Amino acid sequence: MAAALASRPILKSAMATIDALTWSALSARDIDAAVGLNAEAGWNQNAADWQFMLEQGEGMAVRRDDLVATSMLLPRGGRFAWIAMILVTARWRRRGLASELMRRCLERAAALKLIAGLDATDAGRQIYLPLGFRDIYPLTRWRADAVAVKEGREAGVRPMGQDDLERIAAWDAGLSGAPRKALLAHLHGRRPERAFIFESGGAVNGFVLARDGRQATQIGPLIAEDDEIAAALLRASLGAGAGPVLLDAANHHGRLAPFLRQAGFREQRGYMRMLLGRAEPLDDPNRVFLIAGAELG
């Protein structure tokens, strides 16, 4: 897919002040520089995140000698394409770069006949609404530098193994909106000690995964049949490691916020899950408690 984003001349009519820049496909050679961009922005992604996104989607690189801006488009299951990692280094902001990166992502999603989706900050939402994006549901980023949870594992919860991934992926596909076995397998390999499954009568009723990050462990996705199962899975994952933790929680699960505050989490910022031209969710909000992250959907 990266070939579809091959180098082409910049559109001077839209970006007259940055016509010295070159645009090309983002590649594995750019990963270190891309991590530098997200570190400058204070984001949590590391090299493994960028490598996975490049394997699964299409990246754009904007350069003037060094990398100055990026974007990612992640097609999912022939239904939608997730827009992420629109980053511009500080000295090149407010020159139209982010807008042009977004325009190209939308153009490419339309060419693939996929619904464009993203998780927008409050400021970003005001830009995306006039473009035709519709609100789906709000999310909150939470952080804890040290987590306080009761030790012990509850009935029904057990560690997730490699041999569980096939049926977890099959169960998840109908709830997350697209097949994502590759994502689940990747996350399981990143922090296997924090991966758990909830079973009842031999059936999957929930799971949680996590990954290491540049600043903190990110827990998610967490998909569960109800609040009690979600809480049991989250307690297991939080109790399986130490150090700072980030997670992106769906606000409509009202019992989750008090649990997180009691465990030592504090709200950092809000997001809005948005889809272009569509107000109905592609996933199942009743069962989505934590997303994988704003960059992974």
# chains A, B, ... in the order shown; residues from 1 in each chain; ligands from 1

$ residues_around --residues "stretch 246-263 of chain A" --least-positions-apart "3" --cutoff "6 Å" --atoms "only C-alpha atoms" --output "PyMOL selection string"
chain A and resi 138-143+147-149+218-219+289-291

$ residues_around --residues "A:Ile31" --least-positions-apart "3" --cutoff "10 Å" --atoms "only C-alpha atoms" --output "tab-separated table (two decimals) with C-alpha atoms, in the first residue's frame"
chain	number	residue	atom	x	y	z
A	26	LEU	CA	7.09	6.83	5.10
A	27	SER	CA	9.36	3.80	5.44
A	28	ALA	CA	11.15	1.76	8.09
A	34	ALA	CA	9.22	9.53	13.52
A	35	VAL	CA	9.68	8.55	17.17
A	36	GLY	CA	11.56	11.82	17.58
A	37	LEU	CA	8.53	13.71	16.25
A	46	ASN	CA	7.85	3.84	20.33
A	47	ALA	CA	9.63	2.19	17.40
A	48	ALA	CA	7.55	-0.99	17.66
A	49	ASP	CA	4.36	1.04	17.23
A	50	TRP	CA	5.63	2.71	14.08
A	51	GLN	CA	6.91	-0.58	12.66
A	54	LEU	CA	3.85	0.70	8.61

$ select_by_dssp --residues "stretch 100-292 of chain A" --states "strand (DSSP E)" --output "MDAnalysis selection string"
chainID A and resid 115:120 133:144 157:159 196:200 203:211 217:224 245:250 266:276 288:290

$ write_last_selection --atoms "C-alpha atoms" --output "mmCIF file, in the first residue's frame"
data_model
loop_
_atom_site.group_PDB
_atom_site.id
_atom_site.type_symbol
_atom_site.label_atom_id
_atom_site.label_comp_id
_atom_site.auth_asym_id
_atom_site.auth_seq_id
_atom_site.Cartn_x
_atom_site.Cartn_y
_atom_site.Cartn_z
ATOM 1 C CA ILE A 115 -15.014 5.184 5.826
ATOM 2 C CA ALA A 116 -12.445 7.506 7.399
ATOM 3 C CA GLY A 117 -12.256 7.450 11.197
ATOM 4 C CA LEU A 118 -10.149 9.043 13.901
ATOM 5 C CA ASP A 119 -9.993 9.920 17.594
ATOM 6 C CA ALA A 120 -9.908 13.711 17.827
ATOM 7 C CA PHE A 133 -16.910 14.056 10.506
ATOM 8 C CA ARG A 134 -19.611 13.039 12.983
ATOM 9 C CA ASP A 135 -19.302 12.367 16.717
ATOM 10 C CA ILE A 136 -19.531 8.697 17.724
ATOM 11 C CA TYR A 137 -18.610 8.636 21.423
ATOM 12 C CA PRO A 138 -16.223 10.438 23.804
ATOM 13 C CA LEU A 139 -13.101 8.947 25.368
ATOM 14 C CA THR A 140 -10.733 10.025 28.133
ATOM 15 C CA ARG A 141 -6.981 9.476 28.415
ATOM 16 C CA TRP A 142 -6.042 8.439 31.979
ATOM 17 C CA ARG A 143 -2.575 8.145 33.521
ATOM 18 C CA ALA A 144 -1.253 6.665 36.749
ATOM 19 C CA VAL A 157 -9.973 -14.602 34.553
ATOM 20 C CA ARG A 158 -6.828 -16.342 33.360
ATOM 21 C CA PRO A 159 -3.670 -15.371 31.448
ATOM 22 C CA PHE A 196 -5.881 -11.821 30.173
ATOM 23 C CA ILE A 197 -9.037 -13.552 29.013
ATOM 24 C CA PHE A 198 -12.380 -14.001 30.804
ATOM 25 C CA GLU A 199 -14.268 -17.232 30.096
ATOM 26 C CA SER A 200 -17.600 -18.612 31.242
ATOM 27 C CA ALA A 203 -17.071 -19.103 25.942
ATOM 28 C CA VAL A 204 -15.073 -15.890 25.662
ATOM 29 C CA ASN A 205 -16.705 -13.051 27.600
ATOM 30 C CA GLY A 206 -13.854 -10.560 27.534
ATOM 31 C CA PHE A 207 -10.140 -9.893 27.133
ATOM 32 C CA VAL A 208 -7.531 -7.239 27.764
ATOM 33 C CA LEU A 209 -4.151 -6.567 26.133
ATOM 34 C CA ALA A 210 -1.355 -4.044 26.640
ATOM 35 C CA ARG A 211 1.840 -2.736 25.087
ATOM 36 C CA THR A 217 2.579 0.951 29.451
ATOM 37 C CA GLN A 218 -0.666 1.418 27.529
ATOM 38 C CA ILE A 219 -3.481 -0.943 28.508
ATOM 39 C CA GLY A 220 -6.098 -1.654 25.854
ATOM 40 C CA PRO A 221 -8.070 -2.817 24.105
ATOM 41 C CA LEU A 222 -10.405 -4.119 26.788
ATOM 42 C CA ILE A 223 -13.557 -5.711 25.374
ATOM 43 C CA ALA A 224 -16.064 -7.267 27.775
ATOM 44 C CA VAL A 245 0.233 3.258 32.947
ATOM 45 C CA LEU A 246 -1.873 4.994 30.292
ATOM 46 C CA LEU A 247 -5.286 3.974 29.008
ATOM 47 C CA ASP A 248 -8.013 5.423 26.800
ATOM 48 C CA ALA A 249 -11.435 4.707 28.305
ATOM 49 C CA ALA A 250 -14.911 5.073 26.819
ATOM 50 C CA ARG A 266 -5.913 11.014 36.787
ATOM 51 C CA GLU A 267 -7.566 12.387 33.662
ATOM 52 C CA GLN A 268 -5.191 13.857 31.096
ATOM 53 C CA ARG A 269 -7.352 14.876 28.134
ATOM 54 C CA GLY A 270 -10.450 14.012 26.177
ATOM 55 C CA TYR A 271 -10.957 12.541 22.720
ATOM 56 C CA MET A 272 -13.956 12.150 20.458
ATOM 57 C CA ARG A 273 -14.273 9.074 18.274
ATOM 58 C CA MET A 274 -15.409 10.367 14.877
ATOM 59 C CA LEU A 275 -16.354 8.930 11.485
ATOM 60 C CA LEU A 276 -16.621 10.769 8.205
ATOM 61 C CA VAL A 288 -15.721 -1.458 24.212
ATOM 62 C CA PHE A 289 -14.308 -0.304 27.564
ATOM 63 C CA LEU A 290 -10.741 0.604 26.530
#

$ residues_around --residues "stretch 56-60 of chain A" --least-positions-apart "6" --cutoff "8 Å" --atoms "only C-alpha atoms" --output "list in words"
Met1, Ala2, Leu5, Trp23, Ser24, Ala25, Leu26, Ser27, Thr70, Ser71, Met72, Leu73, Leu74, Pro75 and Leu101 of chain A

$ write_last_selection --atoms "C-alpha atoms" --output "PDB file, in the first residue's frame"
ATOM      1  CA  MET A   1       0.000   0.000   0.000  1.00  0.00           C
ATOM      2  CA  ALA A   2       2.890   2.365   0.653  1.00  0.00           C
ATOM      3  CA  LEU A   5       1.830   7.284  -1.531  1.00  0.00           C
ATOM      4  CA  TRP A  23       6.529  14.348   0.163  1.00  0.00           C
ATOM      5  CA  SER A  24       7.045  10.593  -0.054  1.00  0.00           C
ATOM      6  CA  ALA A  25       6.041   7.285   1.483  1.00  0.00           C
ATOM      7  CA  LEU A  26       7.094   6.829   5.096  1.00  0.00           C
ATOM      8  CA  SER A  27       9.364   3.799   5.443  1.00  0.00           C
ATOM      9  CA  THR A  70       4.051  12.484   9.198  1.00  0.00           C
ATOM     10  CA  SER A  71       0.652  10.871   8.842  1.00  0.00           C
ATOM     11  CA  MET A  72      -0.655   7.306   8.893  1.00  0.00           C
ATOM     12  CA  LEU A  73      -3.678   5.679   7.256  1.00  0.00           C
ATOM     13  CA  LEU A  74      -4.604   2.216   8.560  1.00  0.00           C
ATOM     14  CA  PRO A  75      -7.201   0.365   6.429  1.00  0.00           C
ATOM     15  CA  LEU A 101      -1.782  15.666   5.402  1.00  0.00           C
TER      16      LEU A 101
END

$ atom_distance --atom1 "atom CA of A:Glu193" --atom2 "atom CA of A:Lys181"
18.6 Å
